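**Student:** My structure file upload13.cif, mmCIF, C-alpha atoms, is below:
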```cif
data_run
#
loop_
_atom_site.label_atom_id
_atom_site.label_comp_id
_atom_site.auth_asym_id
_atom_site.auth_seq_id
_atom_site.Cartn_x
_atom_site.Cartn_y
_atom_site.Cartn_z
CA MET H 1 -55.15 75.98 -4.51
CA SER H 2 -55.19 72.23 -4.11
CA LEU H 3 -55.07 70.73 -0.65
CA ARG H 4 -53.55 67.50 -1.94
CA PRO H 5 -49.85 68.48 -1.57
CA TRP H 6 -50.46 69.67 1.97
CA LEU H 7 -52.33 66.50 2.86
CA ALA H 8 -49.50 64.44 1.39
CA LEU H 9 -46.96 66.43 3.40
CA GLY H 10 -49.01 66.00 6.57
CA LEU H 11 -49.28 62.27 5.96
CA LEU H 12 -45.53 62.05 5.32
CA LEU H 13 -44.75 63.96 8.51
CA SER H 14 -47.07 61.81 10.59
CA LEU H 15 -45.58 58.61 9.16
CA ALA H 16 -42.09 59.91 9.87
CA ALA H 17 -42.97 60.85 13.45
CA CYS H 18 -40.48 59.16 15.66
CA ALA H 19 -39.36 58.76 19.25
CA THR H 20 -35.86 59.94 20.11
CA ALA H 21 -33.70 59.79 23.19
CA GLU H 22 -34.86 63.33 24.00
CA THR H 23 -38.60 62.65 23.73
CA VAL H 24 -38.29 59.60 25.97
CA ARG H 25 -36.01 61.34 28.47
CA ASP H 26 -38.40 64.29 28.78
CA ALA H 27 -41.58 62.22 29.07
CA PRO H 28 -43.62 62.52 32.32
CA VAL H 29 -41.95 60.67 35.20
CA ASP H 30 -44.97 58.39 35.64
CA ALA H 31 -44.96 57.30 31.98
CA GLY H 32 -44.50 53.61 31.25
CA VAL H 33 -44.83 50.53 33.41
CA SER H 34 -43.43 49.87 36.87
CA GLN H 35 -42.67 47.08 39.30
CA SER H 36 -41.78 47.14 42.97
CA PHE H 37 -38.80 45.16 44.36
CA ALA H 38 -38.19 44.07 47.93
CA ALA H 39 -34.70 45.54 48.11
CA PRO H 40 -33.17 48.87 49.14
CA TYR H 41 -32.45 51.58 46.57
CA ASP H 42 -28.69 50.96 46.16
CA ARG H 43 -29.15 47.22 45.73
CA THR H 44 -31.93 47.76 43.18
CA THR H 45 -29.89 50.25 41.13
CA ALA H 46 -26.99 47.77 41.00
CA ALA H 47 -29.32 44.90 39.99
CA THR H 48 -30.94 47.10 37.32
CA LEU H 49 -27.62 48.09 35.74
CA ASP H 50 -26.36 44.51 35.94
CA THR H 51 -29.48 43.28 34.11
CA LEU H 52 -29.11 45.98 31.45
CA ARG H 53 -25.51 44.83 30.86
CA SER H 54 -26.89 41.38 30.00
CA LEU H 55 -29.33 42.75 27.41
CA ASN H 56 -28.63 43.60 23.80
CA ILE H 57 -29.00 47.37 24.24
CA ASN H 58 -26.80 50.46 24.58
CA ILE H 59 -26.78 52.42 27.82
CA THR H 60 -26.36 56.00 26.62
CA ALA H 61 -26.44 57.95 29.89
CA THR H 62 -26.95 57.51 33.61
CA GLU H 63 -27.79 60.33 35.97
CA GLU H 64 -28.76 60.43 39.63
CA LYS H 65 -31.42 63.01 40.45
CA SER H 66 -33.40 63.81 43.58
CA ASN H 67 -36.11 61.32 42.57
CA GLY H 68 -33.69 58.51 41.76
CA LEU H 69 -31.43 57.02 39.12
CA GLN H 70 -32.37 57.74 35.51
CA ILE H 71 -30.90 55.46 32.82
CA GLN H 72 -31.23 56.22 29.09
CA VAL H 73 -30.98 53.28 26.71
CA THR H 74 -31.25 52.60 22.98
CA LYS H 75 -31.58 49.43 20.94
CA SER H 76 -29.74 49.63 17.64
CA MET H 77 -31.37 49.54 14.23
CA ASN H 78 -31.37 46.19 12.42
CA LEU H 79 -32.93 44.74 9.30
CA PHE H 80 -36.38 44.50 10.92
CA SER H 81 -36.46 47.58 13.09
CA TRP H 82 -35.53 51.26 13.18
CA GLY H 83 -34.50 50.63 16.76
CA GLU H 84 -36.01 51.57 20.10
CA VAL H 85 -35.32 54.10 22.84
CA GLY H 86 -36.05 53.81 26.54
CA ARG H 87 -35.79 55.34 29.97
CA ILE H 88 -35.49 53.43 33.22
CA LEU H 89 -36.11 55.24 36.48
CA VAL H 90 -35.15 53.60 39.77
CA GLU H 91 -37.15 55.62 42.27
CA ARG H 92 -35.22 56.72 45.35
CA SER H 93 -36.48 55.29 48.61
CA SER H 94 -35.01 55.27 52.10
CA GLN H 95 -35.80 51.57 52.50
CA ALA H 96 -37.29 48.63 50.61
CA PRO H 97 -39.36 48.31 48.52
CA THR H 98 -37.93 50.19 45.53
CA VAL H 99 -39.92 50.92 42.39
CA VAL H 100 -38.39 50.58 38.91
CA ARG H 101 -40.24 52.33 36.10
CA VAL H 102 -39.70 51.64 32.38
CA TYR H 103 -40.74 53.87 29.50
CA TRP H 104 -39.87 52.33 26.13
CA GLN H 105 -40.78 53.43 22.61
CA LYS H 106 -40.14 52.17 19.10
CA ARG H 107 -38.42 54.87 17.07
CA SER H 108 -40.95 54.67 14.24
CA VAL H 109 -44.72 54.90 14.69
CA MET H 110 -45.09 52.65 11.63
CA GLN H 111 -42.96 49.87 13.05
CA ILE H 112 -44.76 46.64 13.92
CA THR H 113 -41.57 44.62 14.43
CA GLY H 114 -38.91 45.18 17.06
CA THR H 115 -39.05 45.01 20.84
CA GLY H 116 -42.14 46.41 22.56
CA GLN H 117 -42.41 47.95 26.00
CA THR H 118 -44.00 44.82 27.50
CA ASP H 119 -41.25 42.51 26.19
CA PHE H 120 -38.48 44.81 27.34
CA SER H 121 -39.91 45.54 30.78
CA ASN H 122 -40.67 41.84 31.43
CA GLU H 123 -37.08 40.92 30.56
CA LEU H 124 -35.69 43.72 32.73
CA PHE H 125 -37.96 43.09 35.73
CA ASN H 126 -37.24 39.33 35.65
CA GLY H 127 -33.51 40.01 35.56
CA ILE H 128 -33.68 42.45 38.48
CA GLN H 129 -35.75 39.99 40.53
CA GLN H 130 -33.30 37.15 39.84
CA ARG H 131 -30.32 39.25 40.91
CA ILE H 132 -32.01 40.50 44.06
CA SER H 133 -33.10 36.97 45.00
CA ALA H 134 -29.59 35.61 44.39
CA ARG H 135 -28.11 37.62 47.29
CA MET Z 1 -22.74 54.79 -14.41
CA ALA Z 2 -19.78 54.38 -12.08
CA SER Z 3 -21.55 56.20 -9.29
CA SER Z 4 -24.66 54.07 -9.82
CA ASN Z 5 -22.57 50.90 -9.44
CA ALA Z 6 -20.91 52.31 -6.35
CA PHE Z 7 -24.33 53.08 -4.88
CA ARG Z 8 -25.50 49.53 -5.62
CA ARG Z 9 -22.39 48.06 -4.01
CA ALA Z 10 -22.82 50.30 -0.95
CA SER Z 11 -26.49 49.32 -0.69
CA ALA Z 12 -25.66 45.63 -0.94
CA ALA Z 13 -22.94 45.97 1.69
CA LEU Z 14 -25.34 47.80 3.97
CA LEU Z 15 -28.04 45.15 3.61
CA VAL Z 16 -25.53 42.37 4.29
CA SER Z 17 -24.22 44.16 7.38
CA LEU Z 18 -27.77 44.74 8.62
CA ALA Z 19 -28.68 41.12 7.93
CA LEU Z 20 -25.63 39.96 9.85
CA GLY Z 21 -26.50 42.42 12.58
CA SER Z 22 -30.04 41.14 12.79
CA ALA Z 23 -28.84 38.94 15.62
CA GLY Z 24 -29.43 42.24 17.40
CA CYS Z 25 -33.16 41.51 17.15
CA SER Z 26 -32.74 39.29 20.18
CA LEU Z 27 -33.01 41.15 23.46
CA LYS Z 28 -30.62 38.88 25.35
CA LYS Z 29 -26.89 39.16 24.86
CA THR Z 30 -25.13 35.91 24.18
CA ASP Z 31 -21.78 37.09 25.59
CA ALA Z 32 -23.00 38.84 28.74
CA PRO Z 33 -20.42 38.77 31.54
CA ASP Z 34 -21.30 36.61 34.54
CA THR Z 35 -20.81 38.68 37.67
CA SER Z 36 -22.10 36.08 40.11
CA ASN Z 37 -18.61 34.72 40.88
CA ALA Z 38 -16.72 37.93 40.23
CA ASN Z 39 -13.89 39.28 42.31
CA TRP Z 40 -15.56 42.12 44.26
CA ARG Z 41 -13.40 44.71 46.04
CA VAL Z 42 -14.43 47.42 48.47
CA GLY Z 43 -13.08 50.98 48.34
CA ARG Z 44 -13.89 54.64 48.62
CA VAL Z 45 -14.48 56.93 45.58
CA GLU Z 46 -11.78 59.60 45.38
CA GLN Z 47 -12.59 61.23 42.06
CA ALA Z 48 -15.46 61.21 39.54
CA SER Z 49 -15.78 62.63 36.04
CA ASN Z 50 -17.91 62.11 32.93
CA LEU Z 51 -16.86 61.51 29.34
CA ARG Z 52 -18.42 60.51 26.02
CA VAL Z 53 -17.52 57.23 24.32
CA THR Z 54 -18.75 55.51 21.17
CA ASN Z 55 -21.29 52.73 21.70
CA GLY Z 56 -21.30 50.95 18.35
CA GLU Z 57 -24.48 52.45 16.91
CA SER Z 58 -23.73 54.15 13.59
CA PRO Z 59 -25.42 57.38 12.42
CA GLN Z 60 -24.02 56.72 8.91
CA THR Z 61 -25.74 53.32 8.67
CA ARG Z 62 -29.01 54.88 9.81
CA MET Z 63 -28.70 57.66 7.22
CA MET Z 64 -27.88 55.14 4.46
CA MET Z 65 -30.88 53.00 5.43
CA GLY Z 66 -33.02 56.13 5.43
CA LEU Z 67 -31.87 57.02 1.93
CA LEU Z 68 -32.71 53.52 0.71
CA SER Z 69 -36.16 53.64 2.32
CA GLY Z 70 -37.43 56.72 0.51
CA PRO Z 71 -38.90 60.01 1.80
CA VAL Z 72 -40.23 58.64 5.08
CA GLY Z 73 -36.92 56.92 5.78
CA ILE Z 74 -34.97 60.08 5.04
CA MET Z 75 -37.15 62.05 7.45
CA MET Z 76 -36.80 59.27 10.05
CA ALA Z 77 -33.02 59.34 9.75
CA ALA Z 78 -32.90 63.13 9.83
CA GLY Z 79 -35.00 63.20 13.00
CA THR Z 80 -32.56 61.06 14.95
CA GLU Z 81 -30.76 62.64 17.90
CA LYS Z 82 -27.43 64.32 17.10
CA ASP Z 83 -25.42 62.33 19.63
CA LEU Z 84 -26.55 58.93 18.31
CA GLY Z 85 -23.70 56.44 18.58
CA THR Z 86 -22.19 57.87 21.75
CA SER Z 87 -22.74 57.26 25.45
CA ALA Z 88 -21.94 59.36 28.49
CA VAL Z 89 -19.97 57.17 30.88
CA TRP Z 90 -18.51 57.84 34.34
CA GLN Z 91 -14.85 57.52 35.32
CA TYR Z 92 -13.88 56.94 38.93
CA ASP Z 93 -10.73 56.64 40.99
CA ILE Z 94 -11.46 54.19 43.82
CA ARG Z 95 -9.05 53.78 46.73
CA ASP Z 96 -8.74 50.38 48.37
CA GLY Z 97 -6.04 50.81 51.01
CA ALA Z 98 -2.86 51.90 49.24
CA THR Z 99 -4.21 50.96 45.80
CA VAL Z 100 -6.11 53.42 43.60
CA THR Z 101 -8.05 51.79 40.76
CA HIS Z 102 -9.24 53.79 37.75
CA VAL Z 103 -12.54 52.44 36.40
CA GLN Z 104 -15.16 53.35 33.80
CA SER Z 105 -18.79 52.62 34.62
CA PHE Z 106 -22.44 53.48 34.03
CA SER Z 107 -23.07 53.16 37.77
CA VAL Z 108 -23.56 56.52 39.49
CA VAL Z 109 -21.80 57.09 42.80
CA GLY Z 110 -20.35 60.19 44.43
CA VAL Z 111 -16.92 61.26 45.71
CA GLY Z 112 -16.48 59.91 49.24
CA ASP Z 113 -18.99 57.06 48.77
CA CYS Z 114 -18.08 53.61 50.03
CA VAL Z 115 -18.53 51.19 47.13
CA ARG Z 116 -17.89 47.64 46.04
CA PHE Z 117 -16.72 47.02 42.47
CA ILE Z 118 -15.56 44.17 40.26
CA SER Z 119 -11.86 44.55 39.60
CA ASN Z 120 -11.77 42.04 36.75
CA ALA Z 121 -14.88 43.27 34.87
CA PRO Z 122 -14.78 44.43 31.23
CA ALA Z 123 -12.96 47.76 31.29
CA ASN Z 124 -15.70 49.77 29.55
CA ASP Z 125 -18.39 49.22 32.22
CA VAL Z 126 -17.35 48.09 35.68
CA PRO Z 127 -20.29 47.23 37.98
CA ILE Z 128 -20.17 49.42 41.10
CA GLU Z 129 -22.56 49.29 44.06
CA ARG Z 130 -22.79 51.87 46.85
CA LEU Z 131 -22.42 50.41 50.36
CA PRO Z 132 -23.18 51.76 53.84
CA PRO Z 133 -20.27 54.01 54.99
CA ASP Z 134 -19.31 51.70 57.88
CA GLN Z 135 -18.17 49.03 55.41
CA CYS Z 136 -15.30 51.31 54.39
CA ALA Z 137 -13.89 51.85 57.89
CA GLY Z 138 -10.14 52.11 57.53
CA LYS Z 139 -10.17 52.38 53.73
#
```
As a first step, turn the structure in this file into structure tokens.
**Tutor:**
Amino acid sequence: MSLRPWLALGLLLSLAACATAETVRDAPVDAGVSQSFAAPYDRTTAATLDTLRSLNINITATEEKSNGLQIQVTKSMNLFSWGEVGRILVERSSQAPTVVRVYWQKRSVMQITGTGQTDFSNELFNGIQQRISAR
Amino acid sequence: MASSNAFRRASAALLVSLALGSAGCSLKKTDAPDTSNANWRVGRVEQASNLRVTNGESPQTRMMMGLLSGPVGIMMAAGTEKDLGTSAVWQYDIRDGATVTHVQSFSVVGVGDCVRFISNAPANDVPIERLPPDQCAGK
């Protein structure tokens, strides 16, 4: 029996491997990149959501857990990208500083275009810092 | 023949809509609301619930693009989450004195929390920030 069809199927499956809202949501809590902000938890969560509202993404769910606020986001598909999915965790703290952690994935492993984790997190962290500094 | 033409027309329409939507490549929104000079009000949360709303992302467009892209695209489209195109948003009733305001927001606060919110924000996502309880004395 030839191995070729199985190899082709394996290759197809690996090329089609993709990130979804579920895989990003269920990733380890320390996945991604983080930045610390000199503001209390409630102020940082408000600044984070306000920054996300200014970005071209969809917030798909927000949930407050014992470790902090978890925000699920997606970026829609367009001509150059299958889209991206992300998770933002604002870590609960009793006082400043507050850590914001971003885990962001392109939906397709083959995709070289679209927004990467560094671009997205830089944009988000800059926006949070601006809003915190403005008050 | 007719179905082939219909498929071609649908494909062309899809590509045009995706090309027009490629402004979505940019990460920054051009029409983002400015909340810096907004009309903030302070109140106490009386009721909270969660509901699902559409968010503009289309599972049908993704499936069509997958079909046009071949086997890998079809598998990519099929592997997308089932609730693509919807968001879970919170609804709150916030009391400010005698006035109760019904708002929809992605901010997470609890019943009884003292909050500040923008009364004139876009109705689908009102910014809400939790405040220390003493700022709601008498509310």
**Student:** Please write the residues picked by the PyMOL selection byres ((chain H and resi 99) around 10) on this file as a PyMOL selection string.
**Tutor:** chain H and resi 34-41+44+68+89-93+96-98+100-101
**Student:** For the selection you just gave me, I'd like the residues written to a file as a JSON list (two decimals), in the coordinates of the input, keeping C-alpha atoms.
**Tutor:**
```json
[["chain", "number", "residue", "atom", "x", "y", "z"],
["H", 34, "SER", "CA", -43.43, 49.87, 36.87],
["H", 35, "GLN", "CA", -42.67, 47.08, 39.30],
["H", 36, "SER", "CA", -41.78, 47.14, 42.97],
["H", 37, "PHE", "CA", -38.80, 45.16, 44.36],
["H", 38, "ALA", "CA", -38.19, 44.07, 47.93],
["H", 39, "ALA", "CA", -34.70, 45.54, 48.11],
["H", 40, "PRO", "CA", -33.17, 48.87, 49.14],
["H", 41, "TYR", "CA", -32.45, 51.58, 46.57],
["H", 44, "THR", "CA", -31.93, 47.76, 43.18],
["H", 68, "GLY", "CA", -33.69, 58.51, 41.76],
["H", 89, "LEU", "CA", -36.11, 55.24, 36.48],
["H", 90, "VAL", "CA", -35.15, 53.60, 39.77],
["H", 91, "GLU", "CA", -37.15, 55.62, 42.27],
["H", 92, "ARG", "CA", -35.22, 56.72, 45.35],
["H", 93, "SER", "CA", -36.48, 55.29, 48.61],
["H", 96, "ALA", "CA", -37.29, 48.63, 50.61],
["H", 97, "PRO", "CA", -39.36, 48.31, 48.52],
["H", 98, "THR", "CA", -37.93, 50.19, 45.53],
["H", 100, "VAL", "CA", -38.39, 50.58, 38.91],
["H", 101, "ARG", "CA", -40.24, 52.33, 36.10]]
```
**Student:** I'd like the interatomic distance between atom CA of Ala21 of chain H and atom CA of Trp90 of chain Z, to a tenth of an Å.
**Tutor:**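 Interatomic distance here is 18.9 Å.
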**Student:** Given the choices H:Arg25, H:Arg4, H:Arg87, H:Arg43, which gets closest to chain Z if the distance is worked out from only C-alpha atoms?
**Tutor:**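 Of H:Arg25, H:Arg4, H:Arg87, H:Arg43, the one nearest chain Z is H:Arg43, counting only C-alpha atoms.
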**Student:** Taking all atoms listed in the file into account, which residues of chain H are within 9 Å of chain Z, as an MDAnalysis selection string?
**Tutor:** chainID H and resid 12:13 15:22 42:43 45:46 49:50 53:64 69 71 75:82 107:108 114:115 119:120 123 131 134
**Student:** Go ahead and write the residues just picked, C-alpha atoms, as a compact mmCIF listing (two decimals), in the frame of the given file.
**Tutor:**
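Saved the output as again-v6.txt:
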```txt
# COMPACT_ATOMS: atom_id res chain seq x y z
CA LEU H 12 -45.53 62.05 5.32
CA LEU H 13 -44.75 63.96 8.51
CA LEU H 15 -45.58 58.61 9.16
CA ALA H 16 -42.09 59.91 9.87
CA ALA H 17 -42.97 60.85 13.45
CA CYS H 18 -40.48 59.16 15.66
CA ALA H 19 -39.36 58.76 19.25
CA THR H 20 -35.86 59.94 20.11
CA ALA H 21 -33.70 59.79 23.19
CA GLU H 22 -34.86 63.33 24.00
CA ASP H 42 -28.69 50.96 46.16
CA ARG H 43 -29.15 47.22 45.73
CA THR H 45 -29.89 50.25 41.13
CA ALA H 46 -26.99 47.77 41.00
CA LEU H 49 -27.62 48.09 35.74
CA ASP H 50 -26.36 44.51 35.94
CA ARG H 53 -25.51 44.83 30.86
CA SER H 54 -26.89 41.38 30.00
CA LEU H 55 -29.33 42.75 27.41
CA ASN H 56 -28.63 43.60 23.80
CA ILE H 57 -29.00 47.37 24.24
CA ASN H 58 -26.80 50.46 24.58
CA ILE H 59 -26.78 52.42 27.82
CA THR H 60 -26.36 56.00 26.62
CA ALA H 61 -26.44 57.95 29.89
CA THR H 62 -26.95 57.51 33.61
CA GLU H 63 -27.79 60.33 35.97
CA GLU H 64 -28.76 60.43 39.63
CA LEU H 69 -31.43 57.02 39.12
CA ILE H 71 -30.90 55.46 32.82
CA LYS H 75 -31.58 49.43 20.94
CA SER H 76 -29.74 49.63 17.64
CA MET H 77 -31.37 49.54 14.23
CA ASN H 78 -31.37 46.19 12.42
CA LEU H 79 -32.93 44.74 9.30
CA PHE H 80 -36.38 44.50 10.92
CA SER H 81 -36.46 47.58 13.09
CA TRP H 82 -35.53 51.26 13.18
CA ARG H 107 -38.42 54.87 17.07
CA SER H 108 -40.95 54.67 14.24
CA GLY H 114 -38.91 45.18 17.06
CA THR H 115 -39.05 45.01 20.84
CA ASP H 119 -41.25 42.51 26.19
CA PHE H 120 -38.48 44.81 27.34
CA GLU H 123 -37.08 40.92 30.56
CA ARG H 131 -30.32 39.25 40.91
CA ALA H 134 -29.59 35.61 44.39
```
**Student:** May I have the residues within 10 Å of segment 46-49 of chain Z as a list in words, using all atoms listed in the file and disregarding those fewer than 2 positions away in the same chain?
**Tutor:** Gly43, Arg44, Leu51, Val89, Trp90, Gln91, Tyr92, Asp93, Ile94, Arg95, Val100, Thr101, His102, Val103, Gln104, Val108, Val109, Gly110, Val111, Gly112, Asp113 and Cys114 of chain Z
**Student:** Any chance you could work out the residue set of the PyMOL selection byres ((chain Z and resi 40) around 7) here, as a list in words?
**Tutor:** Ala38, Asn39, Arg41, Val42, Arg116, Phe117, Ile118 and Ser119 of chain Z
**Student:** Using C-alpha atoms, can you export the residues from the last selection as a PDB file, in the frame of the given file?
**Tutor:**
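New file result.pdb:
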```pdb
ATOM      1  CA  ALA Z  38     -16.720  37.930  40.230  1.00  0.00           C
ATOM      2  CA  ASN Z  39     -13.890  39.280  42.310  1.00  0.00           C
ATOM      3  CA  ARG Z  41     -13.400  44.710  46.040  1.00  0.00           C
ATOM      4  CA  VAL Z  42     -14.430  47.420  48.470  1.00  0.00           C
ATOM      5  CA  ARG Z 116     -17.890  47.640  46.040  1.00  0.00           C
ATOM      6  CA  PHE Z 117     -16.720  47.020  42.470  1.00  0.00           C
ATOM      7  CA  ILE Z 118     -15.560  44.170  40.260  1.00  0.00           C
ATOM      8  CA  SER Z 119     -11.860  44.550  39.600  1.00  0.00           C
TER       9      SER Z 119
END
```
**Student:** Quick one: pull the distance between atom CA of Gln117 of chain H and atom CA of Tyr103 of chain H, Å, one decimal.
**Tutor:**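 Separation between atom CA of Gln117 of chain H and atom CA of Tyr103 of chain H: 7.1 Å.
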**Student:** What's the separation between atom CA of Val115 of chain Z and atom CA of Asp134 of chain Z, in Å to one decimal place?
**Tutor:** 10.8 Å
**Student:** Using all atoms listed in the file, which protein or nucleic acid residues come within 9 Å of Leu124 of chain H? Drop anything in the same chain fewer than 6 positions from it, and give the result as a count of residues only.
**Tutor:** 5
